[in-house]
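To be precise, the following lines are data-v4.csv, and they hold CSV, C-alpha atoms and all ligand atoms.
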```csv
chain,number,residue,atom,x,y,z
M,1,MET,CA,-66.9,-33.1,104.5
M,2,ILE,CA,-64.6,-36.0,105.4
M,3,LYS,CA,-66.9,-39.0,106.3
M,4,GLN,CA,-64.7,-42.0,105.7
M,5,ALA,CA,-61.6,-43.1,107.6
M,6,ILE,CA,-59.2,-46.0,106.9
M,7,ILE,CA,-57.0,-47.7,109.5
M,8,PRO,CA,-54.2,-50.0,108.4
M,9,LEU,CA,-53.9,-52.8,110.9
M,10,ALA,CA,-52.2,-55.6,108.9
M,11,GLY,CA,-48.6,-55.0,110.1
M,12,LEU,CA,-46.7,-57.6,112.1
M,13,GLY,CA,-45.9,-55.4,115.2
M,14,THR,CA,-42.4,-56.9,115.5
M,15,ARG,CA,-41.2,-54.1,117.7
M,16,LEU,CA,-43.6,-55.1,120.4
M,17,LEU,CA,-42.6,-58.8,120.5
M,18,PRO,CA,-43.2,-61.0,122.5
M,19,LEU,CA,-46.5,-59.2,123.2
M,20,THR,CA,-47.6,-59.4,119.6
M,21,SER,CA,-46.6,-63.0,118.8
M,22,VAL,CA,-50.3,-64.1,119.1
M,23,PHE,CA,-52.0,-60.9,120.1
M,24,PRO,CA,-52.6,-57.9,117.8
M,25,LYS,CA,-50.9,-54.8,119.2
M,26,GLU,CA,-54.0,-52.7,118.5
M,27,LEU,CA,-56.0,-54.7,121.1
M,28,LEU,CA,-53.3,-54.3,123.8
M,29,PRO,CA,-54.6,-52.3,126.7
M,30,ILE,CA,-53.5,-48.7,127.2
M,31,ASN,CA,-54.7,-47.7,130.7
M,32,GLY,CA,-57.4,-50.4,130.6
M,33,LYS,CA,-58.7,-49.8,127.1
M,34,PRO,CA,-57.6,-51.4,123.8
M,35,GLY,CA,-55.5,-49.0,121.9
M,36,ILE,CA,-57.8,-49.2,118.8
M,37,GLU,CA,-60.8,-47.8,120.8
M,38,TYR,CA,-58.9,-44.5,121.4
M,39,ILE,CA,-58.5,-44.3,117.6
M,40,ILE,CA,-62.2,-45.1,116.9
M,41,ASP,CA,-63.3,-42.5,119.5
M,42,GLU,CA,-61.1,-39.9,117.9
M,43,CYS,CA,-62.8,-40.7,114.5
M,44,ILE,CA,-66.4,-40.5,116.0
M,45,GLU,CA,-65.7,-37.2,117.7
M,46,ALA,CA,-64.3,-35.8,114.4
M,47,GLY,CA,-67.5,-36.6,112.6
M,48,ILE,CA,-66.4,-39.8,110.7
M,49,LYS,CA,-69.3,-42.0,109.7
M,50,GLU,CA,-67.5,-45.1,108.3
M,51,ILE,CA,-64.2,-46.7,109.2
M,52,ILE,CA,-62.5,-49.2,107.1
M,53,PHE,CA,-60.1,-51.6,108.9
M,54,ILE,CA,-57.4,-53.2,106.8
M,55,ILE,CA,-56.5,-56.4,108.6
M,56,SER,CA,-55.0,-59.8,107.7
M,57,LYS,CA,-55.9,-63.4,108.5
M,58,LYS,CA,-53.2,-63.3,111.2
M,59,LYS,CA,-55.1,-60.4,112.8
M,60,ILE,CA,-58.6,-61.9,112.6
M,61,MET,CA,-58.8,-61.4,116.4
M,62,ILE,CA,-59.4,-57.7,115.7
M,63,LYS,CA,-62.6,-58.6,113.8
M,64,ASN,CA,-63.6,-61.2,116.5
M,65,TYR,CA,-63.3,-58.5,119.1
M,66,PHE,CA,-66.3,-56.7,117.5
M,67,TYR,CA,-68.3,-59.9,116.8
M,68,ASN,CA,-68.3,-61.8,120.1
M,69,ASP,CA,-72.1,-61.5,120.6
M,70,LYS,CA,-72.8,-65.0,121.9
M,71,PHE,CA,-70.2,-64.5,124.7
M,72,TYR,CA,-71.6,-61.1,125.7
M,73,LYS,CA,-75.2,-62.2,125.6
M,74,ASN,CA,-74.6,-65.3,127.8
M,75,ILE,CA,-72.7,-63.3,130.4
M,76,ILE,CA,-75.3,-60.5,130.4
M,77,LYS,CA,-78.0,-63.1,130.9
M,78,LYS,CA,-76.2,-64.6,133.8
M,79,LYS,CA,-74.9,-61.4,135.5
M,80,ASN,CA,-77.0,-58.5,134.3
M,81,ASP,CA,-74.0,-56.3,135.1
M,82,PRO,CA,-74.5,-52.7,133.9
M,83,ARG,CA,-70.8,-52.2,133.2
M,84,ILE,CA,-70.8,-55.2,130.9
M,85,ILE,CA,-74.0,-54.1,129.2
M,86,PHE,CA,-72.5,-50.7,128.6
M,87,GLU,CA,-69.3,-52.2,127.1
M,88,TYR,CA,-71.3,-54.5,124.9
M,89,LYS,CA,-73.4,-51.6,123.6
M,90,LYS,CA,-70.3,-49.7,122.9
M,91,ILE,CA,-68.9,-52.5,120.8
M,92,LEU,CA,-72.2,-52.7,118.9
M,93,LYS,CA,-72.0,-49.0,118.2
M,94,TYR,CA,-68.4,-49.3,116.9
M,95,ARG,CA,-69.3,-52.3,114.8
M,96,LYS,CA,-72.0,-50.5,112.9
M,97,MET,CA,-69.3,-48.1,111.5
M,98,ILE,CA,-66.6,-50.6,110.7
M,99,LYS,CA,-66.0,-52.5,107.4
M,100,PHE,CA,-63.1,-55.0,107.1
M,101,VAL,CA,-60.8,-55.5,104.1
M,102,TYR,CA,-57.8,-57.8,103.9
M,103,GLN,CA,-54.2,-57.3,103.1
M,104,ASP,CA,-52.7,-60.8,102.7
M,105,LYS,CA,-49.0,-59.8,103.0
M,106,PRO,CA,-47.7,-56.8,104.9
M,107,LEU,CA,-46.1,-55.2,101.9
M,108,GLY,CA,-46.3,-51.7,103.4
M,109,THR,CA,-48.8,-48.9,104.3
M,110,GLY,CA,-49.1,-47.9,100.6
M,111,ASP,CA,-50.2,-51.4,99.7
M,112,ALA,CA,-52.6,-51.6,102.7
M,113,ILE,CA,-54.3,-48.3,101.6
M,114,LEU,CA,-54.7,-49.7,98.0
M,115,LYS,CA,-57.0,-52.5,99.4
M,116,THR,CA,-59.6,-49.8,100.3
M,117,LYS,CA,-59.8,-48.4,96.7
M,118,LYS,CA,-63.3,-49.6,95.8
M,119,PHE,CA,-64.8,-48.5,99.1
M,120,ILE,CA,-63.8,-44.8,99.1
M,121,LYS,CA,-66.7,-42.6,98.0
M,122,ASP,CA,-65.6,-39.0,98.3
M,123,LYS,CA,-62.7,-37.0,96.9
M,124,PHE,CA,-60.9,-37.0,100.2
M,125,PHE,CA,-60.6,-39.5,103.1
M,126,LEU,CA,-58.9,-39.7,106.5
M,127,MET,CA,-56.2,-42.3,107.3
M,128,LEU,CA,-55.0,-43.0,110.9
M,129,LEU,CA,-52.1,-45.1,111.9
M,130,PRO,CA,-53.2,-46.7,115.1
M,131,ASP,CA,-49.7,-46.8,116.6
M,132,ASP,CA,-49.7,-43.1,116.8
M,133,LEU,CA,-52.0,-42.0,119.7
M,134,ILE,CA,-52.6,-38.3,120.0
M,135,ILE,CA,-54.2,-37.3,123.3
M,136,LYS,CA,-55.6,-34.1,124.9
M,137,LYS,CA,-56.8,-32.6,121.6
M,138,ASN,CA,-58.5,-34.3,118.7
M,139,CYS,CA,-56.0,-34.2,115.9
M,140,SER,CA,-58.3,-35.6,113.2
M,141,LYS,CA,-60.9,-32.9,114.1
M,142,SER,CA,-58.4,-30.1,113.7
M,143,MET,CA,-57.1,-31.5,110.4
M,144,ILE,CA,-60.7,-31.7,109.1
M,145,ALA,CA,-61.1,-28.1,109.9
M,146,VAL,CA,-57.9,-27.2,108.0
M,147,HIS,CA,-59.1,-29.3,105.1
M,148,LYS,CA,-62.5,-27.5,105.1
M,149,LYS,CA,-60.7,-24.1,104.9
M,150,TYR,CA,-58.1,-24.9,102.3
M,151,LYS,CA,-59.8,-27.8,100.4
M,152,CYS,CA,-56.6,-29.8,100.1
M,153,SER,CA,-54.7,-32.8,101.6
M,154,VAL,CA,-53.4,-32.4,105.1
M,155,MET,CA,-50.8,-34.4,107.1
M,156,ALA,CA,-50.3,-34.2,110.9
M,157,SER,CA,-46.8,-32.9,111.7
M,158,MET,CA,-44.5,-32.4,114.6
M,159,SER,CA,-41.1,-30.9,115.1
M,160,VAL,CA,-38.6,-33.6,116.1
M,161,ASP,CA,-35.0,-33.7,117.3
M,162,LYS,CA,-32.7,-33.5,114.2
M,163,LYS,CA,-30.8,-36.6,115.5
M,164,THR,CA,-34.0,-38.7,115.2
M,165,VAL,CA,-35.1,-37.8,111.6
M,166,SER,CA,-34.3,-41.3,110.3
M,167,ARG,CA,-37.3,-42.7,112.2
M,168,TRP,CA,-39.8,-40.6,110.4
M,169,GLY,CA,-41.2,-39.3,107.1
M,170,ILE,CA,-39.7,-35.8,106.9
M,171,TYR,CA,-41.1,-33.0,104.8
M,172,LYS,CA,-39.8,-29.9,103.1
M,173,ILE,CA,-41.6,-26.6,103.7
M,174,ASN,CA,-42.5,-24.5,100.7
M,175,ASN,CA,-44.5,-21.8,102.5
M,176,LYS,CA,-45.7,-20.9,105.9
M,177,ILE,CA,-49.5,-20.3,106.1
M,178,ASP,CA,-49.5,-19.6,109.8
M,179,ASN,CA,-47.7,-20.9,112.9
M,180,ASP,CA,-49.4,-24.3,112.7
M,181,ASN,CA,-49.8,-24.9,108.9
M,182,PHE,CA,-47.3,-25.2,106.2
M,183,ILE,CA,-47.5,-25.9,102.4
M,184,ILE,CA,-45.4,-28.9,101.8
M,185,ASP,CA,-42.8,-29.1,99.0
M,186,GLY,CA,-41.9,-32.7,99.3
M,187,VAL,CA,-41.6,-35.6,101.7
M,188,ILE,CA,-38.9,-38.2,102.2
M,189,GLU,CA,-39.3,-41.4,104.2
M,190,LYS,CA,-36.7,-42.1,106.9
M,191,PRO,CA,-33.9,-39.8,105.6
M,192,ASN,CA,-30.5,-39.6,107.3
M,193,GLN,CA,-29.6,-36.3,109.0
M,194,LYS,CA,-27.8,-35.0,105.9
M,195,GLN,CA,-30.7,-35.8,103.5
M,196,ALA,CA,-33.4,-34.4,105.9
M,197,PRO,CA,-34.9,-31.2,104.4
M,198,SER,CA,-36.2,-30.1,107.9
M,199,ASN,CA,-37.0,-31.4,111.3
M,200,LYS,CA,-40.8,-31.6,110.6
M,201,ALA,CA,-42.0,-35.2,110.8
M,202,VAL,CA,-45.2,-36.6,109.5
M,203,ILE,CA,-47.3,-38.3,112.2
M,204,GLY,CA,-49.9,-41.0,111.5
M,205,ARG,CA,-52.9,-38.8,110.6
M,206,TYR,CA,-53.5,-38.0,106.9
M,207,ILE,CA,-56.3,-36.5,104.8
M,208,LEU,CA,-55.6,-38.0,101.4
M,209,PRO,CA,-57.1,-37.4,98.0
M,210,LYS,CA,-58.8,-40.3,96.2
M,211,ILE,CA,-56.4,-39.8,93.3
M,212,ILE,CA,-53.7,-41.3,95.5
M,213,PHE,CA,-54.9,-44.7,94.4
M,214,ASN,CA,-53.6,-44.1,90.9
M,215,LYS,CA,-50.1,-43.4,92.3
M,216,LEU,CA,-50.2,-46.4,94.7
M,217,SER,CA,-51.1,-48.9,92.0
M,218,SER,CA,-47.9,-48.2,90.1
M,219,LEU,CA,-45.6,-47.6,93.0
M,220,LYS,CA,-42.4,-49.7,93.4
M,221,PRO,CA,-41.2,-50.8,96.9
M,222,GLY,CA,-39.1,-48.1,98.6
M,223,ILE,CA,-36.9,-48.1,101.7
M,224,GLY,CA,-36.9,-51.4,103.5
M,225,GLY,CA,-38.6,-53.1,100.5
M,226,GLU,CA,-42.0,-51.8,101.5
M,227,ILE,CA,-44.6,-49.7,99.5
M,228,HIS,CA,-44.8,-46.5,101.5
M,229,VAL,CA,-47.7,-44.0,101.4
M,230,THR,CA,-45.0,-41.3,101.7
M,231,ASP,CA,-43.7,-42.1,98.2
M,232,ALA,CA,-47.2,-41.8,96.7
M,233,ILE,CA,-47.6,-38.5,98.5
M,234,GLN,CA,-44.2,-37.3,97.1
M,235,SER,CA,-45.4,-38.2,93.6
M,236,LEU,CA,-48.7,-36.3,94.1
M,237,ILE,CA,-46.8,-33.2,95.3
M,238,TYR,CA,-44.5,-33.4,92.3
M,239,ASN,CA,-47.7,-33.3,90.2
M,240,ASP,CA,-48.8,-30.1,92.0
M,241,GLU,CA,-51.3,-31.6,94.4
M,242,LYS,CA,-51.5,-29.3,97.4
M,243,PHE,CA,-50.5,-30.8,100.8
M,244,ILE,CA,-50.5,-28.9,104.1
M,245,GLY,CA,-48.5,-30.0,107.1
M,246,HIS,CA,-50.5,-29.3,110.2
M,247,ASN,CA,-48.6,-29.0,113.5
M,248,PHE,CA,-51.1,-30.5,115.9
M,249,ILE,CA,-51.6,-29.3,119.5
M,250,GLY,CA,-52.3,-32.6,121.3
M,251,LYS,CA,-49.7,-34.9,122.9
M,252,TYR,CA,-48.1,-37.6,120.7
M,253,LEU,CA,-47.6,-41.1,122.1
M,254,ASP,CA,-45.7,-43.6,120.0
M,255,CYS,CA,-47.4,-46.9,120.9
M,256,GLY,CA,-45.6,-49.0,118.3
M,257,SER,CA,-42.3,-49.3,120.3
M,258,MET,CA,-41.9,-51.0,123.6
M,259,HIS,CA,-40.7,-48.0,125.5
M,260,GLY,CA,-43.5,-45.8,123.9
M,261,TYR,CA,-46.2,-48.4,124.6
M,262,ILE,CA,-45.3,-48.7,128.3
M,263,ASN,CA,-45.1,-44.9,128.6
M,264,SER,CA,-48.4,-44.3,126.9
M,265,SER,CA,-50.5,-45.6,129.9
M,266,LEU,CA,-48.5,-43.5,132.3
M,267,GLU,CA,-49.1,-40.4,130.1
M,268,ILE,CA,-52.8,-41.1,129.8
M,269,ILE,CA,-53.2,-41.4,133.6
M,270,LYS,CA,-51.6,-37.9,133.9
M,271,LYS,CA,-54.4,-36.5,131.8
O,301,LIG,P1,-45.6,-50.0,111.2
O,301,LIG,O1,-44.5,-50.4,110.2
O,301,LIG,O2,-45.3,-48.8,112.1
O,301,LIG,O3,-46.1,-51.2,112.1
O,301,LIG,O4,-46.9,-49.6,110.4
O,301,LIG,P2,-45.8,-52.7,112.0
O,301,LIG,O5,-45.3,-53.2,110.7
O,301,LIG,O6,-47.1,-53.4,112.5
O,301,LIG,O7,-44.9,-52.9,113.2
O,301,LIG,P3,-43.3,-53.2,113.4
O,301,LIG,O8,-42.6,-52.1,112.7
O,301,LIG,O9,-43.1,-54.6,112.8
O,301,LIG,O10,-43.1,-53.2,114.8
O,301,LIG,C1,-47.8,-48.6,110.7
O,301,LIG,C2,-49.2,-49.1,110.6
O,301,LIG,O11,-49.5,-49.7,109.4
O,301,LIG,C3,-50.0,-51.0,109.4
O,301,LIG,C4,-49.5,-51.5,110.8
O,301,LIG,O12,-50.5,-52.5,111.3
O,301,LIG,C5,-49.5,-50.3,111.6
O,301,LIG,O13,-50.7,-50.0,112.2
O,301,LIG,N1,-49.4,-51.7,108.3
O,301,LIG,C6,-48.1,-51.8,108.1
O,301,LIG,C7,-50.3,-52.4,107.5
O,301,LIG,O14,-51.5,-52.4,107.7
O,301,LIG,N2,-49.8,-53.1,106.4
O,301,LIG,C8,-48.5,-53.2,106.1
O,301,LIG,O15,-48.1,-53.8,105.2
O,301,LIG,C9,-47.6,-52.5,107.0
```

Could you spell out this file's structure in structure tokens?
Amino acid sequence: MIKQAIIPLAGLGTRLLPLTSVFPKELLPINGKPGIEYIIDECIEAGIKEIIFIISKKKIMIKNYFYNDKFYKNIIKKKNDPRIIFEYKKILKYRKMIKFVYQDKPLGTGDAILKTKKFIKDKFFLMLLPDDLIIKKNCSKSMIAVHKKYKCSVMASMSVDKKTVSRWGIYKINNKIDNDNFIIDGVIEKPNQKQAPSNKAVIGRYILPKIIFNKLSSLKPGIGGEIHVTDAIQSLIYNDEKFIGHNFIGKYLDCGSMHGYINSSLEIIKK
């Protein structure tokens, strides 16, 4: 079973400036609820027991959000408002599951993952990128079911317009298992249209093997000067590690870009 999840939160969020100049994007409200709470709820519903947040000193507000007891206790004493009591209890429930680790410099998702190395207990763990919201159907839960069946790594995937492949990690299909699951032959980060081996993009949900840490520790910076998880995955596939691309059913919302962020609340209201 997959019991641990990790969530990289140490990026700068430059695409959402000026909203992110002092405020972490993961706490920005999406239809009245901080984006990160959707991600935690997805984990809980998928059976995850522990979540490791990778933050930075600049994003300490994320930790403070879960440790503001004095404030809540004072307000509850004064107002005894059931809604506030409910919200505080929810925060306490979340906090019990969360561990914080730090990435001092945003050197890339691969480097962020490496910071969790000594905390990962089992052979496989889940990673969620919080910018990628998937609503209507729990993507992590479906991926865990695929992992249980095939006992291997799994990445969430989605078909994208060929013209947009340079925005994503794109994978090459080796074999089709069924309409929703594909054995992956390789993955390339942000290829141009000519380089792209397919139009199947990797979306921010991964079930990764613990051995990925060996690859990450020796990885050189890739495209954009960052250490990408995709490059470590490519290297694992090269060494015959089995990866499945899972075409998820839910609706994908890109909350990391301004247009996507604004649109996400509108899409959730439609639900
Ligand atoms: P992104 O590259 O999409 O987000 O990383 P970003 O860097 O925060 O935002 P932009 O591109 O400047 O607008 C995907 C996820 O990985 C985390 C980010 O916080 C985001 O949740 N991340 C990224 C890290 O934790 N560390 C890094 O070094 C880079």

Requested in this report: Throw together the list of residues within 7 Å of ligand LIG 301 (chain O), counting only C-alpha atoms and all ligand atoms, and drop it here as a PyMOL selection string.
Outcome: chain M and resi 8-16+54-55+103+105-109+111-112+129-131+256-257

inquiry  = Under the rule that all atoms listed in the file are counted, which of M:Ala196, M:Val101, M:Val154, M:Ile75 is the nearest residue to Ser56 (chain M)?
reply    =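 Closest residue, counting all atoms listed in the file: M:Val101.
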
Report task. Quote the spacing between CA of Pro34 (chain M) and CA of Thr20 (chain M) in Å to one decimal place. Result ->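 Computed distance, CA of Pro34 (chain M) to CA of Thr20 (chain M), equals 13.5 Å.
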
Point to revise | Residue among M:Ile188, M:Ile6, M:Val229, M:Ile120 lying closest to Lys172 (chain M), counting all atoms listed in the file | key: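 Of M:Ile188, M:Ile6, M:Val229, M:Ile120, the one nearest Lys172 (chain M), counting all atoms listed in the file, is M:Ile188.
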
*Go through M:Ser142, M:Pro209, M:Tyr171, M:Pro221 one by one, measure the shortest atom-to-atom distance of each to Pro197 (chain M) using all atoms listed in the file, and give the residue with the smallest value.*
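Using all atoms listed in the file, the shortest distance to Pro197 (chain M) belongs to M:Tyr171.
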
### Message
With distances taken over all atoms listed in the file, which residue among M:Lys242, M:Phe248, M:Lys99, M:Asp231 lies nearest Ala156 (chain M)?
### Response
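Of the candidates, the smallest distance to Ala156 (chain M) is held by M:Phe248.
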
Any idea what's packed within 9 Å of Asp185 (chain M), counting only C-alpha atoms, ignoring anything in its chain fewer than 3 positions away? Could you give it as a tab-separated table (two decimals) with C-alpha atoms, keeping the file's coordinate frame?
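Okay, this is what ended up in around02.tsv:
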```tsv
chain	number	residue	atom	x	y	z
M	171	TYR	CA	-41.10	-33.00	104.80
M	172	LYS	CA	-39.80	-29.90	103.10
M	173	ILE	CA	-41.60	-26.60	103.70
M	174	ASN	CA	-42.50	-24.50	100.70
M	175	ASN	CA	-44.50	-21.80	102.50
M	234	GLN	CA	-44.20	-37.30	97.10
M	237	ILE	CA	-46.80	-33.20	95.30
M	238	TYR	CA	-44.50	-33.40	92.30
M	242	LYS	CA	-51.50	-29.30	97.40
M	243	PHE	CA	-50.50	-30.80	100.80
```

Report task. Step by step: start from the point (-66.8, -46.6, 119.9) in the file's coordinates, keep every protein, DNA or RNA residue that has an atom no farther than 12 Å from it, count all atoms listed in the file, and write the set as a ChimeraX atom specification. Result -> /M:33-45,48-51,66,86-98

Just checking: using only C-alpha atoms, which residue out of M:Lys141, M:Lys123, M:Lys73, M:Lys59 ends up closest to Gly47 (chain M)?
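Closest to Gly47 (chain M), using only C-alpha atoms: M:Lys141.
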
- Task: Using CA of Ile170 (chain M) and CA of His246 (chain M) as the two end points, give the distance in Å to one decimal.
- Result: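 About the pair CA of Ile170 (chain M) and CA of His246 (chain M): they are 13.0 Å apart.
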
Which residues come within 12 Å of Ser198 (chain M), counting only C-alpha atoms, excluding same-chain residues fewer than 5 positions away, as a list in words?
Ser157, Met158, Ser159, Val160, Asp161, Lys162, Lys163, Thr164, Val165, Ser166, Trp168, Gly169, Ile170, Tyr171, Lys172, Ile173, Asn174, Ile184, Asp185, Gly186, Val187, Ile188, Pro191, Asn192 and Gln193 of chain M

Output C-alpha atoms for every residue in that selection, as a CSV table (one decimal), in the coordinates of the input.
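And here is the file that came out, selection-v4.csv:
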```
chain,number,residue,atom,x,y,z
M,157,SER,CA,-46.8,-32.9,111.7
M,158,MET,CA,-44.5,-32.4,114.6
M,159,SER,CA,-41.1,-30.9,115.1
M,160,VAL,CA,-38.6,-33.6,116.1
M,161,ASP,CA,-35.0,-33.7,117.3
M,162,LYS,CA,-32.7,-33.5,114.2
M,163,LYS,CA,-30.8,-36.6,115.5
M,164,THR,CA,-34.0,-38.7,115.2
M,165,VAL,CA,-35.1,-37.8,111.6
M,166,SER,CA,-34.3,-41.3,110.3
M,168,TRP,CA,-39.8,-40.6,110.4
M,169,GLY,CA,-41.2,-39.3,107.1
M,170,ILE,CA,-39.7,-35.8,106.9
M,171,TYR,CA,-41.1,-33.0,104.8
M,172,LYS,CA,-39.8,-29.9,103.1
M,173,ILE,CA,-41.6,-26.6,103.7
M,174,ASN,CA,-42.5,-24.5,100.7
M,184,ILE,CA,-45.4,-28.9,101.8
M,185,ASP,CA,-42.8,-29.1,99.0
M,186,GLY,CA,-41.9,-32.7,99.3
M,187,VAL,CA,-41.6,-35.6,101.7
M,188,ILE,CA,-38.9,-38.2,102.2
M,191,PRO,CA,-33.9,-39.8,105.6
M,192,ASN,CA,-30.5,-39.6,107.3
M,193,GLN,CA,-29.6,-36.3,109.0
```

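If you measure from each of M:Ile84, M:Ile2, M:Leu216, M:Leu253 to Met143 (chain M) using all atoms listed in the file, the closest one turns out to be M:Ile2.
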
Discussion item. Show me, as a ChimeraX atom specification, the residues that have an atom within 9 Å of Lys121 (chain M) when counting only C-alpha atoms, minus same-chain residues fewer than 4 positions from it.
Written reply: /M:4,125,210

Margin query: Can you pull out the residues contacting Asp178 (chain M)? Cut-off 12 Å, using only C-alpha atoms, and skip same-chain residues under 4 positions away; I want them as a PyMOL selection string.
Written below: chain M and resi 146+182-183+244-247

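As for CA of Phe124 (chain M) and CA of Gly224 (chain M), they are spaced 28.2 Å apart.
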